[in-house]
Amino acid sequence: MPELPEVEVVRRQLAGPLVGRLITDAWAHPSHKFASGADAVGSEIEALRRRGKYLIADLDCGRDLIVHLGMTGRLCFADVSETREALLSRPVNGPAAEVMAPNAVSVSDPYVRAWWRLDNGETLCFHDVRRFGRIAVCDRGDYRGLPTLAAMGPEPLEGGLDSATFWQASRRSSQRIKTQLLNQRLVAGVGNIYADEALFLARINPSARAISKPRAERLLAALRDVLAASIERGGSTLRDYYSLEGAGDNQKYFVCYGRVGEPCVRCGTELRRRVLDQRSSTWCPQCQRR
Ligand SMILES: [Zn+2]
């Protein structure tokens with residue numbers, strides 16, 4: 001699932017083409033998860049922001065157009081020069097499959113759940129095979145229909161969050177630290193990948209509860225390091241995430257996530273995996289002792 005770095009990479013790529021554009025036409029799948037996307041017709045996009053894993057386009061009518069990529073969602077421009085048959089005939093297996101993933105789709109592609117036509121003739125598409133994504137148009141800041149966004153914690157890469165505040169917030173919950181990182185209220189935008197990576201770098205066991213102030217400082221610093229490094233590398237592409245420019249390559253630099261059974265890069269101990277609060281966690285039993 002795309003996390004903060006992947007969504008931020010997409011935001012940076014889309015801001016130039018979208019900001020200042022008028023949405024002249026739109027279509028959305030009738031599912032309640034997507035339908036309100038069509039309500040953005042007639043509005044101009046004034047800014048493109050990100051909160052956690054949500055992309056938010058500020059519309060000049062005072063509303064927000066919100067997109068959550070879910071697991072398989074991606075935003076791309078329709079390629080008017082390419083027929084649907086040509087897109088479907090692309091190779092889907094073999095080593096070239098990753099780089100062959102379409103960076104532009106046809107609006108008649110069955111996995112396009114919404115599209116927005118712009119006043120320069122371009123069409124932005126939301127393509128989502130598994131339909132875990134979400135689109136909403138709502139009054140600016142009124143996120144009652146999106147409870148995770150409404151309760152979103154502070155942005156880790158923005159100046160407003162200091163380590164003392166982060167530590168105090170973590171102590172207000174009795175949940176495991178890994179679970180707190182995933183629930184979006186302690187800090188925005190972290191999912192399984194960057195939680196495992198940051199806990200490993202900070203030498204904190206994912207099951208830990210009530211971490212100390214020095215550990216909280218290390219964890220926040222590690223989160224900032226792994227998130228910022230991934231943005232620089234275009235995000236992590238495991239299966240479904242592609243930015244408009246293709247695959248990111250941050251996955252080549254993972255030190256913990258997805259490396260169960262492999263030796264720890266610090267001490268050589270075999271990394272372990274266990275399900276904690278319904279989510280898989282990988283950690284080094286030596287470096288990340290309870
Ligand atoms: Zn280790």
# chains A, B, ... in the order shown; residues from 1 in each chain; ligands from 1

$ closest_atom_pairs --of "chain A" --to "ligand 1" --cutoff "10 Å" --atoms "only C-alpha atoms and all ligand atoms" --output "CSV"
residue,atom,partner,partner_atom_place_in_ligand_line,distance
A:Phe200,CA,ligand 1,1 (Zn),8.3
A:Leu201,CA,ligand 1,1 (Zn),9.8
A:Arg203,CA,ligand 1,1 (Zn),8.5
A:Cys256,CA,ligand 1,1 (Zn),9.7
A:Pro263,CA,ligand 1,1 (Zn),7.7
A:Cys264,CA,ligand 1,1 (Zn),4.5
A:Val265,CA,ligand 1,1 (Zn),6.6
A:Arg266,CA,ligand 1,1 (Zn),5.0
A:Cys267,CA,ligand 1,1 (Zn),4.2
A:Gly268,CA,ligand 1,1 (Zn),6.0
A:Thr269,CA,ligand 1,1 (Zn),5.4
A:Glu270,CA,ligand 1,1 (Zn),7.7
A:Leu271,CA,ligand 1,1 (Zn),7.5
A:Trp283,CA,ligand 1,1 (Zn),8.1
A:Cys284,CA,ligand 1,1 (Zn),4.7
A:Pro285,CA,ligand 1,1 (Zn),6.7
A:Gln286,CA,ligand 1,1 (Zn),5.0
A:Cys287,CA,ligand 1,1 (Zn),4.1
A:Gln288,CA,ligand 1,1 (Zn),7.1
A:Arg289,CA,ligand 1,1 (Zn),9.4

$ residues_around --residues "Gln175 in chain A" --least-positions-apart "4" --cutoff "10 Å" --atoms "only C-alpha atoms" --output "list in words"
Ser170, Arg171, Thr179, Gln180, Leu181, Ser207, Ala208, Arg209, Ala210 and Asp277 of chain A

$ atom_distance --atom1 "CA of Ala47 in chain A" --atom2 "CA of Arg113 in chain A"
22.6 Å

$ residues_around --residues "Phe166 in chain A" --least-positions-apart "2" --cutoff "12 Å" --atoms "only C-alpha atoms" --output "MDAnalysis selection string"
chainID A and resid 153:156 160:164 168:173 177 180:181 185:188 210:221 223

$ atom_distance --atom1 "CA of Ala195 in chain A" --atom2 "CA of Pro2 in chain A"
13.0 Å

$ residues_around --residues "Ser31 in chain A" --least-positions-apart "3" --cutoff "12 Å" --atoms "only C-alpha atoms" --output "count of residues only"
15

$ atom_distance --atom1 "CA of Gln251 in chain A" --atom2 "CA of His68 in chain A"
21.4 Å

$ select_by_dssp --residues "range 76-209 of chain A" --states "helix (DSSP H, G or I)" --output "PyMOL selection string"
chain A and resi 84-88+97-100+147-150+163-171+177-182+192-201

$ closest_residue --among "A:Pro110, A:Leu48, A:Leu227, A:Cys125" --to "Asp79 in chain A" --atoms "only C-alpha atoms"
A:Cys125

$ closest_residue --among "A:Pro5, A:Gly191, A:Gly261, A:Pro147" --to "Gly235 in chain A" --atoms "only C-alpha atoms"
A:Pro5

$ residues_around --residues "Arg50 in chain A" --least-positions-apart "2" --cutoff "10 Å" --atoms "only C-alpha atoms" --output "VMD selection string"
chain A and resid 4 7 to 8 10 to 12 48 52 to 57 66 to 67 155 189

$ write_last_selection --atoms "N, CA and C atoms" --output "PDB file, in the first residue's frame"
ATOM      1  N   LEU A   4       3.319   7.423   3.046  1.00  0.00           N
ATOM      2  CA  LEU A   4       3.627   8.853   2.883  1.00  0.00           C
ATOM      3  C   LEU A   4       4.594   9.147   1.724  1.00  0.00           C
ATOM      4  N   VAL A   7       2.909   8.678  -1.778  1.00  0.00           N
ATOM      5  CA  VAL A   7       1.879   9.687  -2.057  1.00  0.00           C
ATOM      6  C   VAL A   7       2.534  11.059  -2.280  1.00  0.00           C
ATOM      7  N   GLU A   8       3.596  11.345  -1.538  1.00  0.00           N
ATOM      8  CA  GLU A   8       4.280  12.622  -1.705  1.00  0.00           C
ATOM      9  C   GLU A   8       4.955  12.714  -3.084  1.00  0.00           C
ATOM     10  N   VAL A  10       3.903  11.279  -5.813  1.00  0.00           N
ATOM     11  CA  VAL A  10       2.813  11.533  -6.768  1.00  0.00           C
ATOM     12  C   VAL A  10       2.358  12.994  -6.666  1.00  0.00           C
ATOM     13  N   ARG A  11       2.245  13.508  -5.440  1.00  0.00           N
ATOM     14  CA  ARG A  11       1.812  14.900  -5.272  1.00  0.00           C
ATOM     15  C   ARG A  11       2.781  15.862  -5.983  1.00  0.00           C
ATOM     16  N   ARG A  12       4.063  15.647  -5.788  1.00  0.00           N
ATOM     17  CA  ARG A  12       5.040  16.550  -6.414  1.00  0.00           C
ATOM     18  C   ARG A  12       4.957  16.494  -7.932  1.00  0.00           C
ATOM     19  N   LEU A  48      -2.383  21.546  -4.476  1.00  0.00           N
ATOM     20  CA  LEU A  48      -2.415  20.101  -4.270  1.00  0.00           C
ATOM     21  C   LEU A  48      -1.581  19.804  -3.040  1.00  0.00           C
ATOM     22  N   GLY A  52      -0.935  12.827   5.468  1.00  0.00           N
ATOM     23  CA  GLY A  52      -0.742  11.395   5.624  1.00  0.00           C
ATOM     24  C   GLY A  52      -0.680  10.747   4.257  1.00  0.00           C
ATOM     25  N   LYS A  53      -1.555   9.768   4.043  1.00  0.00           N
ATOM     26  CA  LYS A  53      -1.580   9.069   2.754  1.00  0.00           C
ATOM     27  C   LYS A  53      -2.678   9.614   1.831  1.00  0.00           C
ATOM     28  N   TYR A  54      -3.265  10.758   2.181  1.00  0.00           N
ATOM     29  CA  TYR A  54      -4.327  11.354   1.369  1.00  0.00           C
ATOM     30  C   TYR A  54      -3.788  12.493   0.516  1.00  0.00           C
ATOM     31  N   LEU A  55      -4.198  12.526  -0.744  1.00  0.00           N
ATOM     32  CA  LEU A  55      -3.932  13.679  -1.616  1.00  0.00           C
ATOM     33  C   LEU A  55      -5.163  14.578  -1.554  1.00  0.00           C
ATOM     34  N   ILE A  56      -4.938  15.874  -1.407  1.00  0.00           N
ATOM     35  CA  ILE A  56      -6.065  16.804  -1.282  1.00  0.00           C
ATOM     36  C   ILE A  56      -5.874  17.952  -2.260  1.00  0.00           C
ATOM     37  N   ALA A  57      -6.801  18.075  -3.211  1.00  0.00           N
ATOM     38  CA  ALA A  57      -6.790  19.206  -4.138  1.00  0.00           C
ATOM     39  C   ALA A  57      -7.737  20.273  -3.587  1.00  0.00           C
ATOM     40  N   ILE A  66     -10.539  14.862  -2.564  1.00  0.00           N
ATOM     41  CA  ILE A  66      -9.619  14.008  -1.802  1.00  0.00           C
ATOM     42  C   ILE A  66      -9.488  12.654  -2.494  1.00  0.00           C
ATOM     43  N   VAL A  67      -8.251  12.178  -2.611  1.00  0.00           N
ATOM     44  CA  VAL A  67      -7.993  10.859  -3.199  1.00  0.00           C
ATOM     45  C   VAL A  67      -7.091  10.067  -2.259  1.00  0.00           C
ATOM     46  N   GLU A 155       2.188  15.764  10.757  1.00  0.00           N
ATOM     47  CA  GLU A 155       3.059  15.341   9.662  1.00  0.00           C
ATOM     48  C   GLU A 155       4.491  15.188  10.180  1.00  0.00           C
ATOM     49  N   GLY A 189       0.787   9.167   8.018  1.00  0.00           N
ATOM     50  CA  GLY A 189       1.357   8.658   6.774  1.00  0.00           C
ATOM     51  C   GLY A 189       2.209   7.411   6.852  1.00  0.00           C
TER      52      GLY A 189
END

$ closest_residue --among "A:Arg51, A:Arg117, A:Arg130, A:Lys178" --to "Leu157 in chain A" --atoms "only C-alpha atoms"
A:Arg51

$ closest_residue --among "A:Ser236, A:Ser230, A:Gln13, A:Ser106" --to "Glu122 in chain A" --atoms "only C-alpha atoms"
A:Ser106

$ decode --residues "range 186-202 of chain A" --atoms "all heavy atoms" --output "mmCIF file, in the first residue's frame"
data_model
loop_
_atom_site.group_PDB
_atom_site.id
_atom_site.type_symbol
_atom_site.label_atom_id
_atom_site.label_comp_id
_atom_site.auth_asym_id
_atom_site.auth_seq_id
_atom_site.Cartn_x
_atom_site.Cartn_y
_atom_site.Cartn_z
ATOM 1 N N LEU A 186 -0.893 9.031 15.995
ATOM 2 C CA LEU A 186 0.366 9.466 16.603
ATOM 3 C C LEU A 186 1.167 10.302 15.604
ATOM 4 O O LEU A 186 1.725 11.351 15.944
ATOM 5 C CB LEU A 186 1.176 8.240 17.048
ATOM 6 C CG LEU A 186 2.551 8.509 17.648
ATOM 7 C CD1 LEU A 186 2.437 9.316 18.937
ATOM 8 C CD2 LEU A 186 3.277 7.181 17.914
ATOM 9 N N VAL A 187 1.199 9.830 14.367
ATOM 10 C CA VAL A 187 1.950 10.509 13.322
ATOM 11 C C VAL A 187 1.311 10.126 11.982
ATOM 12 O O VAL A 187 0.782 9.029 11.837
ATOM 13 C CB VAL A 187 3.452 10.119 13.408
ATOM 14 C CG1 VAL A 187 3.663 8.646 13.133
ATOM 15 C CG2 VAL A 187 4.314 10.976 12.514
ATOM 16 N N ALA A 188 1.327 11.035 11.029
ATOM 17 C CA ALA A 188 0.609 10.839 9.768
ATOM 18 C C ALA A 188 1.443 10.075 8.741
ATOM 19 O O ALA A 188 2.642 10.314 8.606
ATOM 20 C CB ALA A 188 0.217 12.203 9.182
ATOM 21 N N GLY A 189 0.787 9.167 8.018
ATOM 22 C CA GLY A 189 1.357 8.658 6.774
ATOM 23 C C GLY A 189 2.209 7.411 6.852
ATOM 24 O O GLY A 189 2.695 6.940 5.824
ATOM 25 N N VAL A 190 2.420 6.858 8.062
ATOM 26 C CA VAL A 190 3.305 5.696 8.204
ATOM 27 C C VAL A 190 2.497 4.412 8.072
ATOM 28 O O VAL A 190 1.450 4.265 8.689
ATOM 29 C CB VAL A 190 4.027 5.727 9.567
ATOM 30 C CG1 VAL A 190 4.924 4.495 9.732
ATOM 31 C CG2 VAL A 190 4.834 7.005 9.707
ATOM 32 N N GLY A 191 2.978 3.481 7.269
ATOM 33 C CA GLY A 191 2.371 2.161 7.134
ATOM 34 C C GLY A 191 3.386 1.096 7.513
ATOM 35 O O GLY A 191 4.424 1.387 8.128
ATOM 36 N N ASN A 192 3.102 -0.136 7.120
ATOM 37 C CA ASN A 192 3.902 -1.261 7.585
ATOM 38 C C ASN A 192 5.377 -1.178 7.180
ATOM 39 O O ASN A 192 6.263 -1.532 7.948
ATOM 40 C CB ASN A 192 3.280 -2.559 7.055
ATOM 41 C CG ASN A 192 3.338 -3.676 8.077
ATOM 42 O OD1 ASN A 192 3.432 -3.416 9.279
ATOM 43 N ND2 ASN A 192 3.314 -4.899 7.608
ATOM 44 N N ILE A 193 5.633 -0.708 5.973
ATOM 45 C CA ILE A 193 7.015 -0.656 5.482
ATOM 46 C C ILE A 193 7.858 0.262 6.361
ATOM 47 O O ILE A 193 8.887 -0.139 6.927
ATOM 48 C CB ILE A 193 7.066 -0.129 4.033
ATOM 49 C CG1 ILE A 193 6.421 -1.126 3.065
ATOM 50 C CG2 ILE A 193 8.515 0.168 3.620
ATOM 51 C CD1 ILE A 193 6.287 -0.590 1.644
ATOM 52 N N TYR A 194 7.436 1.522 6.470
ATOM 53 C CA TYR A 194 8.290 2.516 7.129
ATOM 54 C C TYR A 194 8.249 2.370 8.649
ATOM 55 O O TYR A 194 9.200 2.769 9.322
ATOM 56 C CB TYR A 194 7.940 3.919 6.634
ATOM 57 C CG TYR A 194 8.123 3.991 5.133
ATOM 58 C CD1 TYR A 194 7.038 3.899 4.273
ATOM 59 C CD2 TYR A 194 9.398 4.026 4.575
ATOM 60 C CE1 TYR A 194 7.208 3.877 2.893
ATOM 61 C CE2 TYR A 194 9.576 4.000 3.208
ATOM 62 C CZ TYR A 194 8.476 3.930 2.366
ATOM 63 O OH TYR A 194 8.662 3.885 1.008
ATOM 64 N N ALA A 195 7.182 1.756 9.186
ATOM 65 C CA ALA A 195 7.166 1.453 10.621
ATOM 66 C C ALA A 195 8.234 0.403 10.937
ATOM 67 O O ALA A 195 9.024 0.569 11.875
ATOM 68 C CB ALA A 195 5.782 0.962 11.045
ATOM 69 N N ASP A 196 8.279 -0.679 10.158
ATOM 70 C CA ASP A 196 9.286 -1.721 10.414
ATOM 71 C C ASP A 196 10.702 -1.167 10.231
ATOM 72 O O ASP A 196 11.605 -1.468 11.023
ATOM 73 C CB ASP A 196 9.085 -2.909 9.462
ATOM 74 C CG ASP A 196 8.036 -3.896 9.968
ATOM 75 O OD1 ASP A 196 7.439 -3.641 11.028
ATOM 76 O OD2 ASP A 196 7.823 -4.925 9.295
ATOM 77 N N GLU A 197 10.908 -0.373 9.185
ATOM 78 C CA GLU A 197 12.241 0.175 8.924
ATOM 79 C C GLU A 197 12.681 1.114 10.056
ATOM 80 O O GLU A 197 13.820 1.047 10.524
ATOM 81 C CB GLU A 197 12.242 0.934 7.588
ATOM 82 C CG GLU A 197 12.084 0.050 6.363
ATOM 83 C CD GLU A 197 13.325 -0.780 6.067
ATOM 84 O OE1 GLU A 197 14.356 -0.211 5.647
ATOM 85 O OE2 GLU A 197 13.270 -2.000 6.291
ATOM 86 N N ALA A 198 11.790 1.983 10.495
ATOM 87 C CA ALA A 198 12.159 2.971 11.514
ATOM 88 C C ALA A 198 12.366 2.310 12.877
ATOM 89 O O ALA A 198 13.307 2.656 13.604
ATOM 90 C CB ALA A 198 11.087 4.050 11.605
ATOM 91 N N LEU A 199 11.512 1.340 13.237
ATOM 92 C CA LEU A 199 11.686 0.649 14.518
ATOM 93 C C LEU A 199 13.013 -0.112 14.541
ATOM 94 O O LEU A 199 13.711 -0.139 15.552
ATOM 95 C CB LEU A 199 10.509 -0.301 14.781
ATOM 96 C CG LEU A 199 9.198 0.404 15.140
ATOM 97 C CD1 LEU A 199 8.021 -0.575 15.044
ATOM 98 C CD2 LEU A 199 9.255 1.011 16.542
ATOM 99 N N PHE A 200 13.382 -0.686 13.402
ATOM 100 C CA PHE A 200 14.672 -1.387 13.312
ATOM 101 C C PHE A 200 15.818 -0.396 13.523
ATOM 102 O O PHE A 200 16.720 -0.629 14.332
ATOM 103 C CB PHE A 200 14.789 -2.066 11.942
ATOM 104 C CG PHE A 200 16.129 -2.710 11.703
ATOM 105 C CD1 PHE A 200 16.381 -4.010 12.138
ATOM 106 C CD2 PHE A 200 17.150 -2.024 11.051
ATOM 107 C CE1 PHE A 200 17.629 -4.597 11.928
ATOM 108 C CE2 PHE A 200 18.395 -2.607 10.850
ATOM 109 C CZ PHE A 200 18.640 -3.895 11.285
ATOM 110 N N LEU A 201 15.794 0.710 12.803
ATOM 111 C CA LEU A 201 16.887 1.688 12.916
ATOM 112 C C LEU A 201 16.975 2.253 14.332
ATOM 113 O O LEU A 201 18.064 2.534 14.827
ATOM 114 C CB LEU A 201 16.688 2.821 11.905
ATOM 115 C CG LEU A 201 16.881 2.420 10.440
ATOM 116 C CD1 LEU A 201 16.566 3.598 9.521
ATOM 117 C CD2 LEU A 201 18.303 1.913 10.180
ATOM 118 N N ALA A 202 15.820 2.427 14.993
ATOM 119 C CA ALA A 202 15.799 2.983 16.347
ATOM 120 C C ALA A 202 16.005 1.910 17.411
ATOM 121 O O ALA A 202 16.018 2.229 18.604
ATOM 122 C CB ALA A 202 14.476 3.718 16.581
#
